[in-house]
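Read through the structure below, which is laid out as structure tokens, and then see the notes.
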Amino acid sequence: MPTHNEDVARMFEEMADLLEIQGANPFRVRAYRNAAMTIRDLKQELSGMVERGEDLMELPGIGKDLAAKIREILATGGAKFLKQLQKEVPASLEELLKIPGLGPKRVKQLFEQLHIKTLRQLEVAARAGTLRDLPGFGIKTEQRILEAIEQQQVAEKRFMIHVARQYGEALVDYLKKLPDIDEVVIAGSYRRGKDTVGDLDILVTTPKSANVMRHFVAYDEVAKVLAQGSTRSTVILRNGMQVDVRVVPTESFGAALHYFTGSKAHNIQIRRLGQQRGLKINEYGVFKDEVRVAGATETSVFESVGLPYIAPELREDHGEIEAARAGKLPSLIELADLQGDLHIHTSVTDGHDTIESMARAAQLRGLSYLAITDHSRHLTVAHGLDEKRLLQQMAAIDRLNGRLSGITLLKGIEVDILENGKLDLPDSVLSQLDLVIGAVHSHFRLSRKKQTERILRAMDHRYFSILAHPTGRLLEEREAYDVDMERIIQHAAQRRCYLELNAQPKRLDLTDLHCRLAREAGVKISINSDAHSAQQFDYLGYGVSQARRGWLRREDVLNAGSLPDVKALLRTTME
């Protein structure tokens with residue numbers, strides 16, 4: 001039975017996809033998609049809510065029918081309605097949905113007009129040039145589909161960090177329930193904060209390793225046991241994720257944690273430094289001849305080669321060892337350093353919660369200011385704001401600021417950058433805002449030159465403050481558009497505007513590399529949740545992790561500043 005919210009959300013997404021392929025009522029489809037988003041945003045497990053007798057219909061967008069389906073999934077591991085849809089829609093059509101750019105509407109079009117229902121049929125049709133004649137496809141779309149099919153055939157299965165966290169932390173909690181457990185830590189790329197992970201490496205210290213292994217392989221999420229030994233076991237979870245659990249001696253824990261956190265390139269450099277000192281460094285410790293001289297803690301491993309502790313997020317062999325040797329490691333940004341959030345959405349457009357609800361949720365998380373930045377009119381699918389509605393919202397924000405205490409709301413907009421580089425709303429209204437976030441939401445396939453110039457023209461606009469999700473990528477869904485980020489970063493420095501690090505787990509945009517380039521260019525980054533519900537402020541943690549991978553310090557982050565400082569910096573973009 002699914003025990004995680006992700007399982008339930010995934011089933012609701014599948015129901016929405018199958019309904020859309022069938023041509024169901026758009027409002028019905030949207031209800032399932034919104035329910036999936038609500039479920040993914042929950043801090044608590046649905047299974048626990050049901051056990052406690054809580055009313056699921058109190059959740060946003062969850063009515064009687066959806067609540068009943070949730071309870072059915074939790075009780076039986078499936079839903080009769082989903083099984084019915086799966087019988088009505090060929091299973092192979094669902095496989096087509098995994099190809100970026102092929103949403104349910106296009107899959108339906110392929111099935112009805114070309115009778116394509118398998119990945120192989122799609123590949124054959126694309127190679128034969130058949131797809132390009134369909135309305136809305138064309139030669140470029142056909143080529144992108146072929147490229148996506150080829151990439152899918154060789155791609156390693158990876159999981160977005162927020163999905164890995166849900167499964168990993170639940171497993172850690174399960175292991176910690178055993179007596180005599182001292183430490184349980186997830187290592188690997190997960191600990192380094194990468195945006196996606198291939199598998200999970202969990203290290204445990206305990207005097208009773210056999211008990212841990214028996215307990216681990218008996219976990220109810222385990223689909224297959226690949227190996228079971230006295231100190232190491234490997235399983236595949238039901239969602240396809242591989243998990244290794246290793247029991248290590250307390251005296252070797254730091255060395256093992258360093259070794260299995262990686263990266264491989266970083267570890268090689270540390271071992272070379274050890275060799276220069278006559279030391280052998282491995283997962284068991286640091287040895288001089290046959291004597292262990294360090295390894296109980298990670299700090300002791302670094303000290304053995306003359307280095308200070310290096311944060312896991314920096315361990316990529318991207319200069320961190322040289323910086324550590326020179327005493328120039330950055331003091332990395334922490335979640336507690338953020339004082340505000342400068343990009344969120346409300347129920348006025350495509351968000352789930354009211355302005356006041358979002359404000360109070362932000363305040364509960366320790367934020368002292370919040371920018372309300374709903375979509376502009378060009379994004380019709382999100383019910384974007386025109387001039388009149390934006391002015392009404394601005395007045396509502398003023399009224400709310402008059403009675404809020406402890407948090408200040410800023411007036412903003414996420415305005416579309418049009419294909420010609422112009423902004424979607426006139427200066428007469430943009431000039432009245434505290435900040436203007438420019439975003440690309442269309443024409444993703446422009447040439448590198450045109451896309452870059454489009455964004456540069458938008459950044460030159462007098463009232464432009466922050467460039468949202470600068471590369472437009474959606475992990476597992478859409479590649480970044482082709483844009484010269486070095487030019488964008490240099491232009492932001494000259495123009496004195498800012499770049500966003502969008503903390504949505506599907507975006508995490510900027511990349512760590514671009515964060516570092518921005519820091520070196522003196523461009524401040526705004527770590528924003530892009531929250532569409534009160535629960536999504538939790539995404540800020542993922543953004544901070546990405547920022548740390550990009551070597552960002554508190555002083556490099558716009559919204560780590562106080563409200564007066566941020567207001568002053570935002571004003572400089574409009575001068």
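The chains in the structure tokens are called A, B, ... from first to last as shown; in each chain the residues are counted from 1, and the ligands are counted from 1 in the order shown.
Residues lying within 12 Å of Leu56 in chain A, counting only C-alpha atoms and ignoring same-chain neighbours fewer than 2 positions away, are Ala35, Thr38, Ile39, Leu42, Glu45, Leu46, Ser47, Gly48, Met49, Val50, Glu51, Arg52, Gly53, Glu54, Glu58, Leu59, Pro60, Gly61, Ile62, Gly63, Lys64, Asp65, Leu66, Ala67, Ala68, Lys69, Ile70 and Arg71 of chain A.
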Subject >> Those in range 144-349 of chain A with helix (DSSP H, G or I) from DSSP, as an NGL selection string >> reply: :A and (144-154 or 161-176 or 188-191 or 209-217 or 250-261 or 264-276 or 298-304 or 312-314 or 320-325 or 335-337)
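Here the question is which of A:Ser304, A:Lys388, A:Arg28, A:Ala294 gets nearest to Gln275 in chain A using only C-alpha atoms, and that residue is A:Ser304.
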Original post:
Taking only C-alpha atoms into account, which of A:Ser368, A:Thr250, A:Asn267, A:Gln22 comes nearest Asp337 in chain A?
Top reply: A:Ser368
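Using only C-alpha atoms, the residues found no farther than 10 Å from range 136-144 of chain A, other than those of its own chain fewer than 4 positions away, are Ile99, Pro100, Gly101, Leu102, Arg106, Leu122, Glu123, Ala125, Ala126, Arg127, Ala128, Gly129, Thr130, Leu131, Arg132, Ala148, Ile149, Glu150 and Arg445 of chain A.
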The selected residues should be written to file as a PDB file, in the first residue's frame (atoms: N, CA, C and O atoms).
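Saved file part.pdb follows:
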```pdb
ATOM      1  N   ILE A  99       7.604  11.645 -22.845  1.00  0.00           N
ATOM      2  CA  ILE A  99       8.428  12.388 -23.802  1.00  0.00           C
ATOM      3  C   ILE A  99       8.182  13.883 -23.615  1.00  0.00           C
ATOM      4  O   ILE A  99       7.041  14.347 -23.735  1.00  0.00           O
ATOM      5  N   PRO A 100       9.228  14.678 -23.273  1.00  0.00           N
ATOM      6  CA  PRO A 100       9.041  16.123 -23.090  1.00  0.00           C
ATOM      7  C   PRO A 100       8.370  16.763 -24.297  1.00  0.00           C
ATOM      8  O   PRO A 100       8.738  16.499 -25.446  1.00  0.00           O
ATOM      9  N   GLY A 101       7.378  17.592 -24.038  1.00  0.00           N
ATOM     10  CA  GLY A 101       6.656  18.267 -25.109  1.00  0.00           C
ATOM     11  C   GLY A 101       5.417  17.542 -25.568  1.00  0.00           C
ATOM     12  O   GLY A 101       4.618  18.094 -26.331  1.00  0.00           O
ATOM     13  N   LEU A 102       5.229  16.306 -25.105  1.00  0.00           N
ATOM     14  CA  LEU A 102       4.021  15.555 -25.472  1.00  0.00           C
ATOM     15  C   LEU A 102       3.085  15.495 -24.274  1.00  0.00           C
ATOM     16  O   LEU A 102       3.156  14.582 -23.455  1.00  0.00           O
ATOM     17  N   ARG A 106      -1.578  16.427 -27.072  1.00  0.00           N
ATOM     18  CA  ARG A 106      -0.823  15.995 -28.245  1.00  0.00           C
ATOM     19  C   ARG A 106      -0.836  14.471 -28.379  1.00  0.00           C
ATOM     20  O   ARG A 106      -0.868  13.946 -29.490  1.00  0.00           O
ATOM     21  N   LEU A 122       5.834   5.972 -32.550  1.00  0.00           N
ATOM     22  CA  LEU A 122       6.149   7.402 -32.559  1.00  0.00           C
ATOM     23  C   LEU A 122       7.511   7.635 -33.201  1.00  0.00           C
ATOM     24  O   LEU A 122       7.676   8.550 -34.021  1.00  0.00           O
ATOM     25  N   GLU A 123       8.505   6.829 -32.827  1.00  0.00           N
ATOM     26  CA  GLU A 123       9.843   6.976 -33.391  1.00  0.00           C
ATOM     27  C   GLU A 123       9.834   6.750 -34.903  1.00  0.00           C
ATOM     28  O   GLU A 123      10.448   7.527 -35.655  1.00  0.00           O
ATOM     29  N   ALA A 125       7.317   7.115 -36.993  1.00  0.00           N
ATOM     30  CA  ALA A 125       6.610   8.221 -37.643  1.00  0.00           C
ATOM     31  C   ALA A 125       7.475   9.477 -37.696  1.00  0.00           C
ATOM     32  O   ALA A 125       7.497  10.201 -38.701  1.00  0.00           O
ATOM     33  N   ALA A 126       8.235   9.723 -36.617  1.00  0.00           N
ATOM     34  CA  ALA A 126       9.093  10.909 -36.585  1.00  0.00           C
ATOM     35  C   ALA A 126      10.226  10.783 -37.599  1.00  0.00           C
ATOM     36  O   ALA A 126      10.562  11.752 -38.303  1.00  0.00           O
ATOM     37  N   ARG A 127      10.804   9.603 -37.694  1.00  0.00           N
ATOM     38  CA  ARG A 127      11.904   9.404 -38.643  1.00  0.00           C
ATOM     39  C   ARG A 127      11.404   9.469 -40.091  1.00  0.00           C
ATOM     40  O   ARG A 127      12.153   9.847 -40.996  1.00  0.00           O
ATOM     41  N   ALA A 128      10.134   9.120 -40.292  1.00  0.00           N
ATOM     42  CA  ALA A 128       9.559   9.160 -41.641  1.00  0.00           C
ATOM     43  C   ALA A 128       9.065  10.556 -42.012  1.00  0.00           C
ATOM     44  O   ALA A 128       8.610  10.777 -43.143  1.00  0.00           O
ATOM     45  N   GLY A 129       9.125  11.505 -41.073  1.00  0.00           N
ATOM     46  CA  GLY A 129       8.668  12.866 -41.346  1.00  0.00           C
ATOM     47  C   GLY A 129       7.165  13.019 -41.350  1.00  0.00           C
ATOM     48  O   GLY A 129       6.626  13.981 -41.907  1.00  0.00           O
ATOM     49  N   THR A 130       6.461  12.085 -40.693  1.00  0.00           N
ATOM     50  CA  THR A 130       4.991  12.102 -40.704  1.00  0.00           C
ATOM     51  C   THR A 130       4.414  13.110 -39.724  1.00  0.00           C
ATOM     52  O   THR A 130       3.340  13.668 -39.953  1.00  0.00           O
ATOM     53  N   LEU A 131       5.125  13.354 -38.620  1.00  0.00           N
ATOM     54  CA  LEU A 131       4.570  14.196 -37.556  1.00  0.00           C
ATOM     55  C   LEU A 131       4.471  15.655 -37.956  1.00  0.00           C
ATOM     56  O   LEU A 131       3.579  16.373 -37.510  1.00  0.00           O
ATOM     57  N   ARG A 132       5.377  16.100 -38.789  1.00  0.00           N
ATOM     58  CA  ARG A 132       5.483  17.526 -39.090  1.00  0.00           C
ATOM     59  C   ARG A 132       4.241  18.102 -39.751  1.00  0.00           C
ATOM     60  O   ARG A 132       4.035  19.318 -39.731  1.00  0.00           O
ATOM     61  N   ALA A 148      14.420  13.433 -27.777  1.00  0.00           N
ATOM     62  CA  ALA A 148      13.926  13.022 -26.460  1.00  0.00           C
ATOM     63  C   ALA A 148      13.842  11.502 -26.344  1.00  0.00           C
ATOM     64  O   ALA A 148      14.152  10.923 -25.297  1.00  0.00           O
ATOM     65  N   ILE A 149      13.411  10.842 -27.421  1.00  0.00           N
ATOM     66  CA  ILE A 149      13.336   9.374 -27.425  1.00  0.00           C
ATOM     67  C   ILE A 149      14.730   8.782 -27.245  1.00  0.00           C
ATOM     68  O   ILE A 149      14.939   7.849 -26.455  1.00  0.00           O
ATOM     69  N   GLU A 150      15.699   9.338 -27.949  1.00  0.00           N
ATOM     70  CA  GLU A 150      17.073   8.846 -27.850  1.00  0.00           C
ATOM     71  C   GLU A 150      17.640   9.062 -26.450  1.00  0.00           C
ATOM     72  O   GLU A 150      18.298   8.184 -25.888  1.00  0.00           O
ATOM     73  N   ARG A 445      11.687  28.195 -27.931  1.00  0.00           N
ATOM     74  CA  ARG A 445      12.572  27.627 -28.948  1.00  0.00           C
ATOM     75  C   ARG A 445      13.216  28.675 -29.849  1.00  0.00           C
ATOM     76  O   ARG A 445      13.673  28.354 -30.943  1.00  0.00           O
TER      77      ARG A 445
END
```
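The closest residue to Gln86 in chain A, picked from A:Ala16, A:Leu119, A:Tyr309, A:Arg33 and counting only C-alpha atoms, is A:Ala16.
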Subject >> Option closest in space to Leu475 in chain A, from A:Thr354, A:Thr511, A:Gln109, A:Asn420 [counting only C-alpha atoms] >> reply: A:Thr511
Original post:
Which of range 149-290 of chain A counts as strand (DSSP E) under DSSP, as a PyMOL selection string please?
Top reply: chain A and resi 159-160+183-186+196-197+199-205+222-228+232-237+242-247+279-282+285-288
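Residue nearest Glu221 in chain A, chosen from A:Leu314, A:Leu171, A:Ala24, A:Val204 and counting only C-alpha atoms: A:Leu171.
Atom pair CA of Leu237 in chain A / CA of Ala91 in chain A: separated by 22.3 Å.
Residue neighbourhood of Arg549 in chain A, excluding near-sequence residues (fewer than 5 positions): Arg192, Gly193, Lys194, Pro312, Glu313, Leu314, Arg315, Glu316, Leu332, Thr511, Asp512, Leu513, Cys515, Arg516 and Val544 of chain A, at 9 Å, using only C-alpha atoms.
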Expected file contents, prior selection, N, CA and C atoms, as a PDB file, in the first residue's frame:
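Listing of out-v4.pdb after writing:
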```
ATOM      1  N   ARG A 192      24.857  16.166  -0.809  1.00  0.00           N
ATOM      2  CA  ARG A 192      25.497  17.303  -1.480  1.00  0.00           C
ATOM      3  C   ARG A 192      24.476  18.282  -2.047  1.00  0.00           C
ATOM      4  N   GLY A 193      23.187  17.954  -1.956  1.00  0.00           N
ATOM      5  CA  GLY A 193      22.141  18.881  -2.356  1.00  0.00           C
ATOM      6  C   GLY A 193      21.914  18.972  -3.844  1.00  0.00           C
ATOM      7  N   LYS A 194      22.257  17.930  -4.610  1.00  0.00           N
ATOM      8  CA  LYS A 194      22.032  17.977  -6.058  1.00  0.00           C
ATOM      9  C   LYS A 194      20.533  18.006  -6.353  1.00  0.00           C
ATOM     10  N   PRO A 312      29.334  19.796   2.601  1.00  0.00           N
ATOM     11  CA  PRO A 312      29.022  18.786   1.575  1.00  0.00           C
ATOM     12  C   PRO A 312      28.645  19.380   0.226  1.00  0.00           C
ATOM     13  N   GLU A 313      27.903  20.492   0.228  1.00  0.00           N
ATOM     14  CA  GLU A 313      27.439  21.070  -1.029  1.00  0.00           C
ATOM     15  C   GLU A 313      28.577  21.538  -1.931  1.00  0.00           C
ATOM     16  N   LEU A 314      29.749  21.772  -1.361  1.00  0.00           N
ATOM     17  CA  LEU A 314      30.887  22.279  -2.141  1.00  0.00           C
ATOM     18  C   LEU A 314      31.772  21.164  -2.684  1.00  0.00           C
ATOM     19  N   ARG A 315      31.530  19.937  -2.306  1.00  0.00           N
ATOM     20  CA  ARG A 315      32.480  18.854  -2.608  1.00  0.00           C
ATOM     21  C   ARG A 315      32.303  18.306  -4.026  1.00  0.00           C
ATOM     22  N   GLU A 316      32.691  19.103  -4.993  1.00  0.00           N
ATOM     23  CA  GLU A 316      32.565  18.712  -6.398  1.00  0.00           C
ATOM     24  C   GLU A 316      33.883  18.836  -7.149  1.00  0.00           C
ATOM     25  N   LEU A 332      28.699  29.999   3.931  1.00  0.00           N
ATOM     26  CA  LEU A 332      27.547  29.784   3.061  1.00  0.00           C
ATOM     27  C   LEU A 332      26.238  30.270   3.667  1.00  0.00           C
ATOM     28  N   THR A 511      21.155  27.384 -11.936  1.00  0.00           N
ATOM     29  CA  THR A 511      21.988  26.246 -11.590  1.00  0.00           C
ATOM     30  C   THR A 511      23.091  26.714 -10.641  1.00  0.00           C
ATOM     31  N   ASP A 512      23.768  25.744 -10.030  1.00  0.00           N
ATOM     32  CA  ASP A 512      24.856  26.104  -9.125  1.00  0.00           C
ATOM     33  C   ASP A 512      25.973  26.854  -9.857  1.00  0.00           C
ATOM     34  N   LEU A 513      26.272  26.443 -11.086  1.00  0.00           N
ATOM     35  CA  LEU A 513      27.311  27.119 -11.864  1.00  0.00           C
ATOM     36  C   LEU A 513      26.953  28.574 -12.125  1.00  0.00           C
ATOM     37  N   CYS A 515      24.908  30.424 -10.396  1.00  0.00           N
ATOM     38  CA  CYS A 515      24.960  31.156  -9.120  1.00  0.00           C
ATOM     39  C   CYS A 515      26.388  31.645  -8.850  1.00  0.00           C
ATOM     40  N   ARG A 516      27.327  30.770  -9.099  1.00  0.00           N
ATOM     41  CA  ARG A 516      28.727  31.133  -8.826  1.00  0.00           C
ATOM     42  C   ARG A 516      29.199  32.223  -9.776  1.00  0.00           C
ATOM     43  N   VAL A 544      17.915  27.322  -0.949  1.00  0.00           N
ATOM     44  CA  VAL A 544      19.120  27.614  -0.171  1.00  0.00           C
ATOM     45  C   VAL A 544      20.186  26.546  -0.419  1.00  0.00           C
TER      46      VAL A 544
END
```
Original post:
Which is closer to Met160 in chain A than all the others in A:His532, A:His443, A:Arg507, A:Arg30, using only C-alpha atoms?
Top reply: A:Arg507
Subject >> Who sits within 9 Å of Glu13 in chain A, only C-alpha atoms, same chain under 5 positions skipped, as a PyMOL selection string >> reply: chain A and resi 8+18+32-33+35-37
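Atom to atom, CA of Ala396 in chain A and CA of Ile344 in chain A stand 15.9 Å apart.
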Original post:
Neighbours of Gln242 in chain A within 6 Å (only C-alpha atoms; same-chain residues fewer than 5 positions away dropped), as a list of chain:residue names?
Top reply: A:Asp199, A:Val235, A:Ile236
